[in-house]
Amino acid sequence: MTERVKRARLIYNPSSGREEMKRRLPDVLQRLERGGLETSTHATIGEGDATLAAADAVARGFDIIIAAGGDGTLNEVINGMAEKENRPPLGILPLGTTNDFARALNIPRHWEGAVDVILQQHTRIIDVGKVNQRYFINIAGGGSMTELTYEVPSKLKTMIGQMAYYMKGLEKLPRLRPIELYIRMPEVELHEEVMLFLISNSNSVGGFERLAPDASLSDGLFDVLILKKCNLAEFIRVVSLALRGEHLSDPNIIYLQTNQIQVTSPDYVQLNLDGEFGGTLPCMFTNLSQHLRIFVDETGQTTYKNTNPLHLKLPWKTKAGEENEHDEEQE
Ligand SMILES: Nc1ncnc2c1ncn2[C@@H]1O[C@H](COP(=O)(O)OP(=O)(O)OP(=O)(O)O)[C@@H](O)[C@H]1O
């Protein structure tokens with residue numbers, strides 16, 4: 001009996017990164033189709049649209065959802081899926097500016113490699129963070145500099161990419177100020193003046209690849225990093241230590257793991273969720289352990305080596321119902 005062809009819903013943000021998806025869409029669709037995935041698309045039109053599109057794709061019974069764009073688009077898609085009972089596996093085409101989450105999962109930055117990872121159909125189950133009624137998969141945070149990611153205008157990111165974040169960061173440096181936080185976890189309670197706090201699910205955040213070195217995407221725990229009140233010189237020193245992954249022993253840093261954390265403040269504190277504005281404190285963060293399946297490369301290596309033709313082991317039959325040749329990928 002011929003296996004049913006799998007149906008995928010590709011939700012893409014045409015404005016992400018350097019607008020690569022606009023140019024690549026026909027190639028992406030052709031590669032997915034040739035790999036046996038019958039794919040329809042939804043181009044997002046603005047904030048929140050990817051959430052609606054993802055919820056709609058779950059309701060319509062798609063076998064696979066694919067999010068193409070940056071961390072913001074990915075976060076919106078997850079928000080449309082996380083509440084649902086039957087959550088199809090999620091593919092990621094990292095076409096944004098930073099793509100922290102894809103980096104943490106070793107998903108190739110190149111569109112062909114990323115499509116091939118989906119076609120291999122190997123998934124990894126990961127934790128999802130819930131904060132009040134919203135969700136994140138990579139990081140939540142508040143305090144100095146954490147507003148950076150949503151304050152940088154999309155146009156500037158299209159023009160100069162990652163550099164836009166550095167420019168905005170420098171602009172904000174002289175205005176650093178501490179916030180007063182009450183932090184409650186099952187293990188400990190803290191009352192501190194802090195520069196910033198980060199609640200991380202992965203170890204790759206904002207281009208800092210060793211920010212939370214013990215973070216695992218599927219251990220049911222958040223890694224909590226708190227930078228205590230300090231002056232500008234200390235702040236810059238800790239940031240440069242963090243770039244090398246050497247910040248954890250600094251006396252200004254508190255580093256903990258937990259599955260639940262409540263954060264309140266008498267100050268007005270905005271929240272950053274996966275790079276997007278996520279409301280304000282107070283917040284309760286809960287780790288939804290092993291909540292979502294994501295397509296990743298089985299070997300942990302980048303699969304993309306060359307352009308066409310496809311030389312993949314496909315775990316399902318193609319649209320025509322033909323057996324796959326199970327070619328080994330070739331150099
Ligand atoms: N058609 C659109 N035009 C402009 N903005 C859009 C459109 N569709 C969605 N958006 C908004 O763009 C935001 C940011 O997009 P996304 O994160 O995908 O790309 P990016 O900002 O380039 O990358 P990164 O987040 O990795 O820096 C989304 O959260 C969404 O609200």
# chains A, B, ... in the order shown; residues from 1 in each chain; ligands from 1

$ select_by_dssp --residues "segment 165-252 of chain A" --states "alpha helix (DSSP H)" --output "MDAnalysis selection string"
chainID A and resid 165:172 232:243

$ closest_atom_pairs --of "chain A" --to "ligand 1" --cutoff "8 Å" --atoms "only C-alpha atoms and all ligand atoms" --output "tab-separated table"
residue	atom	partner	partner_atom_place_in_ligand_line	distance
A:Tyr12	CA	ligand 1	8 (N)	7.8
A:Asn13	CA	ligand 1	8 (N)	4.8
A:Pro14	CA	ligand 1	1 (N)	5.5
A:Ser15	CA	ligand 1	3 (N)	5.0
A:Ser16	CA	ligand 1	19 (O)	3.7
A:Gly17	CA	ligand 1	22 (O)	3.5
A:Arg18	CA	ligand 1	22 (O)	6.9
A:Glu19	CA	ligand 1	22 (O)	8.0
A:Ala43	CA	ligand 1	1 (N)	7.0
A:Thr44	CA	ligand 1	8 (N)	4.3
A:Ile45	CA	ligand 1	1 (N)	3.7
A:Gly46	CA	ligand 1	8 (N)	3.6
A:Glu47	CA	ligand 1	31 (O)	3.1
A:Gly48	CA	ligand 1	31 (O)	5.7
A:Asp49	CA	ligand 1	9 (C)	6.7
A:Ala50	CA	ligand 1	9 (C)	7.0
A:Ala68	CA	ligand 1	18 (O)	7.3
A:Gly69	CA	ligand 1	18 (O)	4.0
A:Gly70	CA	ligand 1	18 (O)	3.4
A:Asp71	CA	ligand 1	25 (O)	4.2
A:Gly72	CA	ligand 1	17 (O)	3.2
A:Thr73	CA	ligand 1	18 (O)	4.0
A:Leu74	CA	ligand 1	18 (O)	6.9
A:Asn75	CA	ligand 1	29 (O)	7.6
A:Glu76	CA	ligand 1	29 (O)	6.7
A:Pro94	CA	ligand 1	26 (O)	7.8
A:Leu95	CA	ligand 1	23 (O)	7.3
A:Gly96	CA	ligand 1	23 (O)	3.6
A:Thr97	CA	ligand 1	26 (O)	4.0
A:Thr98	CA	ligand 1	26 (O)	4.0
A:Asn99	CA	ligand 1	26 (O)	4.5
A:Asp100	CA	ligand 1	26 (O)	7.0
A:Thr149	CA	ligand 1	27 (O)	6.8
A:Tyr150	CA	ligand 1	21 (O)	7.8
A:Ser154	CA	ligand 1	21 (O)	5.9
A:Lys157	CA	ligand 1	22 (O)	6.2
A:Thr158	CA	ligand 1	22 (O)	6.8
A:Gly161	CA	ligand 1	22 (O)	7.9
A:Gln162	CA	ligand 1	27 (O)	7.7
A:Asp274	CA	ligand 1	25 (O)	7.8
A:Gly275	CA	ligand 1	25 (O)	5.9
A:Glu276	CA	ligand 1	29 (O)	6.3

$ write_last_selection --atoms "C-alpha atoms" --output "PDB file, in the first residue's frame"
ATOM      1  CA  TYR A  12       7.841  32.307   6.620  1.00  0.00           C
ATOM      2  CA  ASN A  13       8.598  35.908   7.402  1.00  0.00           C
ATOM      3  CA  PRO A  14       9.478  37.682   4.142  1.00  0.00           C
ATOM      4  CA  SER A  15      11.168  40.503   6.087  1.00  0.00           C
ATOM      5  CA  SER A  16      13.541  38.322   8.170  1.00  0.00           C
ATOM      6  CA  GLY A  17      17.282  38.809   8.017  1.00  0.00           C
ATOM      7  CA  ARG A  18      18.258  40.084   4.618  1.00  0.00           C
ATOM      8  CA  GLU A  19      14.943  39.068   3.068  1.00  0.00           C
ATOM      9  CA  ALA A  43       3.829  34.500   4.354  1.00  0.00           C
ATOM     10  CA  THR A  44       3.494  36.482   7.580  1.00  0.00           C
ATOM     11  CA  ILE A  45       2.227  40.040   7.329  1.00  0.00           C
ATOM     12  CA  GLY A  46       3.312  41.423  10.705  1.00  0.00           C
ATOM     13  CA  GLU A  47       3.562  40.872  14.429  1.00  0.00           C
ATOM     14  CA  GLY A  48       1.571  37.909  15.778  1.00  0.00           C
ATOM     15  CA  ASP A  49       0.646  36.539  12.373  1.00  0.00           C
ATOM     16  CA  ALA A  50       2.992  33.532  12.616  1.00  0.00           C
ATOM     17  CA  ALA A  68      11.375  30.175   8.231  1.00  0.00           C
ATOM     18  CA  GLY A  69      12.795  33.405   9.583  1.00  0.00           C
ATOM     19  CA  GLY A  70      14.614  34.613  12.668  1.00  0.00           C
ATOM     20  CA  ASP A  71      14.196  33.861  16.352  1.00  0.00           C
ATOM     21  CA  GLY A  72      11.171  36.162  16.493  1.00  0.00           C
ATOM     22  CA  THR A  73       9.286  34.203  13.858  1.00  0.00           C
ATOM     23  CA  LEU A  74      10.261  30.936  15.516  1.00  0.00           C
ATOM     24  CA  ASN A  75       9.006  32.209  18.851  1.00  0.00           C
ATOM     25  CA  GLU A  76       5.681  33.222  17.314  1.00  0.00           C
ATOM     26  CA  PRO A  94      17.097  29.939  10.086  1.00  0.00           C
ATOM     27  CA  LEU A  95      16.943  32.956   7.825  1.00  0.00           C
ATOM     28  CA  GLY A  96      16.959  35.715  10.459  1.00  0.00           C
ATOM     29  CA  THR A  97      19.757  37.903  11.693  1.00  0.00           C
ATOM     30  CA  THR A  98      21.041  36.000  14.746  1.00  0.00           C
ATOM     31  CA  ASN A  99      19.246  32.612  14.733  1.00  0.00           C
ATOM     32  CA  ASP A 100      20.369  31.689  18.234  1.00  0.00           C
ATOM     33  CA  THR A 149      16.957  42.742  20.264  1.00  0.00           C
ATOM     34  CA  TYR A 150      13.549  44.297  19.786  1.00  0.00           C
ATOM     35  CA  SER A 154      14.135  45.643  11.079  1.00  0.00           C
ATOM     36  CA  LYS A 157      19.069  44.570  10.390  1.00  0.00           C
ATOM     37  CA  THR A 158      18.310  44.021   6.712  1.00  0.00           C
ATOM     38  CA  GLY A 161      22.858  42.413   9.940  1.00  0.00           C
ATOM     39  CA  GLN A 162      24.386  41.642  13.376  1.00  0.00           C
ATOM     40  CA  ASP A 274      13.428  34.896  22.318  1.00  0.00           C
ATOM     41  CA  GLY A 275      14.421  38.344  21.117  1.00  0.00           C
ATOM     42  CA  GLU A 276      10.930  39.868  21.086  1.00  0.00           C
TER      43      GLU A 276
END

$ select_by_dssp --residues "segment 10-174 of chain A" --states "strand (DSSP E)" --output "count of residues only"
38

$ closest_residue --among "A:Asp297, A:Glu38, A:Glu180, A:Asp116" --to "Met195 of chain A" --atoms "only C-alpha atoms"
A:Glu180

$ residues_around --residues "Asp56 of chain A" --least-positions-apart "2" --cutoff "12 Å" --atoms "only C-alpha atoms" --output "ChimeraX atom specification"
/A:9-11,42,49-54,58-62,65,77,79-81,84,87

$ write_last_selection --atoms "N, CA and C atoms" --output "short mmCIF file (atom, residue, chain, number, x, y, z; two decimals), in the first residue's frame"
data_model
loop_
_atom_site.label_atom_id
_atom_site.label_comp_id
_atom_site.auth_asym_id
_atom_site.auth_seq_id
_atom_site.Cartn_x
_atom_site.Cartn_y
_atom_site.Cartn_z
N ARG A 9 3.41 22.63 6.39
CA ARG A 9 3.00 24.03 6.30
C ARG A 9 4.22 24.88 6.56
N LEU A 10 4.64 25.64 5.57
CA LEU A 10 5.81 26.50 5.71
C LEU A 10 5.34 27.91 6.06
N ILE A 11 5.69 28.35 7.27
CA ILE A 11 5.31 29.70 7.70
C ILE A 11 6.58 30.55 7.64
N HIS A 42 2.58 30.02 4.09
CA HIS A 42 1.92 31.21 4.64
C HIS A 42 3.01 32.26 4.84
N ASP A 49 1.26 37.31 13.46
CA ASP A 49 0.65 36.54 12.37
C ASP A 49 1.16 35.09 12.34
N ALA A 50 2.44 34.90 12.65
CA ALA A 50 2.99 33.53 12.62
C ALA A 50 2.35 32.66 13.69
N THR A 51 1.95 33.27 14.81
CA THR A 51 1.27 32.52 15.88
C THR A 51 -0.08 32.01 15.39
N LEU A 52 -0.83 32.91 14.74
CA LEU A 52 -2.15 32.51 14.20
C LEU A 52 -1.98 31.44 13.13
N ALA A 53 -0.98 31.62 12.27
CA ALA A 53 -0.76 30.67 11.18
C ALA A 53 -0.37 29.29 11.72
N ALA A 54 0.43 29.27 12.78
CA ALA A 54 0.86 27.98 13.35
C ALA A 54 -0.32 27.27 14.02
N VAL A 58 -1.86 23.60 12.95
CA VAL A 58 -2.09 22.46 13.86
C VAL A 58 -3.55 22.00 13.70
N ALA A 59 -4.47 22.97 13.71
CA ALA A 59 -5.90 22.63 13.61
C ALA A 59 -6.21 21.91 12.30
N ARG A 60 -5.50 22.27 11.24
CA ARG A 60 -5.77 21.65 9.93
C ARG A 60 -5.03 20.33 9.74
N GLY A 61 -4.32 19.90 10.73
CA GLY A 61 -3.74 18.55 10.72
C GLY A 61 -2.51 18.38 9.86
N PHE A 62 -1.73 19.44 9.64
CA PHE A 62 -0.48 19.27 8.89
C PHE A 62 0.45 18.32 9.66
N ILE A 65 5.27 21.31 10.64
CA ILE A 65 5.25 22.77 10.50
C ILE A 65 6.69 23.23 10.33
N VAL A 77 5.77 31.12 16.11
CA VAL A 77 5.25 29.81 15.68
C VAL A 77 5.07 28.90 16.90
N ASN A 79 4.52 29.79 19.90
CA ASN A 79 3.37 30.27 20.66
C ASN A 79 2.04 29.79 20.07
N GLY A 80 2.03 29.54 18.78
CA GLY A 80 0.81 29.01 18.16
C GLY A 80 0.65 27.51 18.35
N MET A 81 1.73 26.83 18.70
CA MET A 81 1.69 25.37 18.82
C MET A 81 1.65 24.87 20.26
N LYS A 84 -1.41 23.44 22.15
CA LYS A 84 -2.21 22.40 21.48
C LYS A 84 -1.85 21.02 22.01
N ARG A 87 0.92 18.20 18.82
CA ARG A 87 1.86 19.15 18.22
C ARG A 87 2.73 18.44 17.19
#

$ closest_atom_pairs --of "segment 185-242 of chain A" --to "segment 257-264 of chain A" --cutoff "7 Å" --atoms "only C-alpha atoms" --output "tab-separated table"
residue	atom	partner	partner_atom	distance
A:Met185	CA	A:Ile261	CA	4.7
A:Pro186	CA	A:Gln260	CA	7.0
A:Gly220	CA	A:Asn259	CA	6.3
A:Leu221	CA	A:Asn259	CA	4.6
A:Phe222	CA	A:Thr258	CA	5.4
A:Asp223	CA	A:Gln257	CA	4.6
A:Val224	CA	A:Gln257	CA	5.9

$ write_last_selection --atoms "C-alpha atoms" --output "short mmCIF file (atom, residue, chain, number, x, y, z; two decimals), in the first residue's frame"
data_model
loop_
_atom_site.label_atom_id
_atom_site.label_comp_id
_atom_site.auth_asym_id
_atom_site.auth_seq_id
_atom_site.Cartn_x
_atom_site.Cartn_y
_atom_site.Cartn_z
CA MET A 185 12.59 29.33 43.05
CA PRO A 186 11.76 26.02 44.77
CA GLY A 220 13.54 20.05 32.13
CA LEU A 221 15.60 22.86 33.70
CA PHE A 222 16.21 26.53 33.04
CA ASP A 223 19.68 27.98 33.49
CA VAL A 224 19.36 31.24 35.38
#

$ residues_around --residues "segment 122-124 of chain A" --least-positions-apart "3" --cutoff "9 Å" --atoms "only C-alpha atoms" --output "ChimeraX atom specification"
/A:89-90,117-119,218,292-298,315

$ write_last_selection --atoms "C-alpha atoms" --output "PDB file, in the first residue's frame"
ATOM      1  CA  PRO A  89       7.241  18.227  14.679  1.00  0.00           C
ATOM      2  CA  LEU A  90       8.756  21.574  13.798  1.00  0.00           C
ATOM      3  CA  VAL A 117      17.750  18.324   7.943  1.00  0.00           C
ATOM      4  CA  ILE A 118      13.936  18.408   7.758  1.00  0.00           C
ATOM      5  CA  LEU A 119      13.870  15.833   4.971  1.00  0.00           C
ATOM      6  CA  SER A 218      15.831  18.733  27.162  1.00  0.00           C
ATOM      7  CA  LEU A 292       8.132  19.892  21.349  1.00  0.00           C
ATOM      8  CA  ARG A 293       9.886  17.845  18.667  1.00  0.00           C
ATOM      9  CA  ILE A 294      12.298  19.678  16.371  1.00  0.00           C
ATOM     10  CA  PHE A 295      14.035  18.340  13.259  1.00  0.00           C
ATOM     11  CA  VAL A 296      17.769  18.147  13.805  1.00  0.00           C
ATOM     12  CA  ASP A 297      20.641  16.550  11.991  1.00  0.00           C
ATOM     13  CA  GLU A 298      21.074  12.970  13.188  1.00  0.00           C
ATOM     14  CA  PRO A 315      12.540   7.989   5.644  1.00  0.00           C
TER      15      PRO A 315
END

$ decode --residues "segment 42-84 of chain A" --atoms "N, CA and C atoms" --output "short mmCIF file (atom, residue, chain, number, x, y, z; two decimals), in the first residue's frame"
data_model
loop_
_atom_site.label_atom_id
_atom_site.label_comp_id
_atom_site.auth_asym_id
_atom_site.auth_seq_id
_atom_site.Cartn_x
_atom_site.Cartn_y
_atom_site.Cartn_z
N HIS A 42 2.58 30.02 4.09
CA HIS A 42 1.92 31.21 4.64
C HIS A 42 3.01 32.26 4.84
N ALA A 43 2.89 33.39 4.15
CA ALA A 43 3.83 34.50 4.35
C ALA A 43 3.24 35.40 5.44
N THR A 44 4.03 35.67 6.48
CA THR A 44 3.49 36.48 7.58
C THR A 44 3.39 37.94 7.14
N ILE A 45 2.43 38.64 7.74
CA ILE A 45 2.23 40.04 7.33
C ILE A 45 2.60 41.02 8.44
N GLY A 46 2.96 40.52 9.61
CA GLY A 46 3.31 41.42 10.70
C GLY A 46 3.29 40.68 12.02
N GLU A 47 3.45 41.44 13.09
CA GLU A 47 3.56 40.87 14.43
C GLU A 47 2.36 39.98 14.78
N GLY A 48 2.63 38.81 15.30
CA GLY A 48 1.57 37.91 15.78
C GLY A 48 0.99 37.00 14.71
N ASP A 49 1.26 37.31 13.46
CA ASP A 49 0.65 36.54 12.37
C ASP A 49 1.16 35.09 12.34
N ALA A 50 2.44 34.90 12.65
CA ALA A 50 2.99 33.53 12.62
C ALA A 50 2.35 32.66 13.69
N THR A 51 1.95 33.27 14.81
CA THR A 51 1.27 32.52 15.88
C THR A 51 -0.08 32.01 15.39
N LEU A 52 -0.83 32.91 14.74
CA LEU A 52 -2.15 32.51 14.20
C LEU A 52 -1.98 31.44 13.13
N ALA A 53 -0.98 31.62 12.27
CA ALA A 53 -0.76 30.67 11.18
C ALA A 53 -0.37 29.29 11.72
N ALA A 54 0.43 29.27 12.78
CA ALA A 54 0.86 27.98 13.35
C ALA A 54 -0.32 27.27 14.02
N ALA A 55 -1.13 28.05 14.76
CA ALA A 55 -2.31 27.45 15.41
C ALA A 55 -3.26 26.88 14.35
N ASP A 56 -3.40 27.61 13.26
CA ASP A 56 -4.26 27.17 12.16
C ASP A 56 -3.69 25.88 11.52
N ALA A 57 -2.37 25.84 11.36
CA ALA A 57 -1.74 24.66 10.75
C ALA A 57 -1.92 23.42 11.63
N VAL A 58 -1.86 23.60 12.95
CA VAL A 58 -2.09 22.46 13.86
C VAL A 58 -3.55 22.00 13.70
N ALA A 59 -4.47 22.97 13.71
CA ALA A 59 -5.90 22.63 13.61
C ALA A 59 -6.21 21.91 12.30
N ARG A 60 -5.50 22.27 11.24
CA ARG A 60 -5.77 21.65 9.93
C ARG A 60 -5.03 20.33 9.74
N GLY A 61 -4.32 19.90 10.73
CA GLY A 61 -3.74 18.55 10.72
C GLY A 61 -2.51 18.38 9.86
N PHE A 62 -1.73 19.44 9.64
CA PHE A 62 -0.48 19.27 8.89
C PHE A 62 0.45 18.32 9.66
N ASP A 63 1.22 17.53 8.91
CA ASP A 63 2.13 16.56 9.54
C ASP A 63 3.36 17.25 10.11
N ILE A 64 3.74 18.35 9.47
CA ILE A 64 4.97 19.05 9.84
C ILE A 64 4.72 20.55 9.72
N ILE A 65 5.27 21.31 10.64
CA ILE A 65 5.25 22.77 10.50
C ILE A 65 6.69 23.23 10.33
N ILE A 66 6.90 24.15 9.42
CA ILE A 66 8.25 24.69 9.20
C ILE A 66 8.20 26.20 9.44
N ALA A 67 9.11 26.67 10.30
CA ALA A 67 9.20 28.11 10.56
C ALA A 67 10.43 28.64 9.86
N ALA A 68 10.24 29.59 8.95
CA ALA A 68 11.38 30.18 8.23
C ALA A 68 11.47 31.65 8.58
N GLY A 69 12.60 32.02 9.17
CA GLY A 69 12.79 33.40 9.58
C GLY A 69 13.80 33.45 10.71
N GLY A 70 13.70 34.48 11.54
CA GLY A 70 14.61 34.61 12.67
C GLY A 70 14.01 34.06 13.94
N ASP A 71 14.66 34.36 15.06
CA ASP A 71 14.20 33.86 16.35
C ASP A 71 12.80 34.38 16.70
N GLY A 72 12.49 35.59 16.22
CA GLY A 72 11.17 36.16 16.49
C GLY A 72 10.06 35.36 15.83
N THR A 73 10.28 35.00 14.59
CA THR A 73 9.29 34.20 13.86
C THR A 73 9.14 32.83 14.51
N LEU A 74 10.27 32.25 14.86
CA LEU A 74 10.26 30.94 15.52
C LEU A 74 9.47 31.00 16.83
N ASN A 75 9.72 32.05 17.59
CA ASN A 75 9.01 32.21 18.85
C ASN A 75 7.50 32.33 18.61
N GLU A 76 7.12 33.07 17.60
CA GLU A 76 5.68 33.22 17.31
C GLU A 76 5.07 31.89 16.91
N VAL A 77 5.77 31.12 16.11
CA VAL A 77 5.25 29.81 15.68
C VAL A 77 5.07 28.90 16.90
N ILE A 78 6.05 28.90 17.77
CA ILE A 78 5.95 28.06 18.97
C ILE A 78 4.76 28.48 19.84
N ASN A 79 4.52 29.79 19.90
CA ASN A 79 3.37 30.27 20.66
C ASN A 79 2.04 29.79 20.07
N GLY A 80 2.03 29.54 18.78
CA GLY A 80 0.81 29.01 18.16
C GLY A 80 0.65 27.51 18.35
N MET A 81 1.73 26.83 18.70
CA MET A 81 1.69 25.37 18.82
C MET A 81 1.65 24.87 20.26
N ALA A 82 2.28 25.60 21.17
CA ALA A 82 2.58 25.06 22.50
C ALA A 82 1.36 24.65 23.31
N GLU A 83 0.25 25.36 23.13
CA GLU A 83 -0.96 25.06 23.91
C GLU A 83 -1.70 23.84 23.38
N LYS A 84 -1.41 23.44 22.15
CA LYS A 84 -2.21 22.40 21.48
C LYS A 84 -1.85 21.02 22.01
#
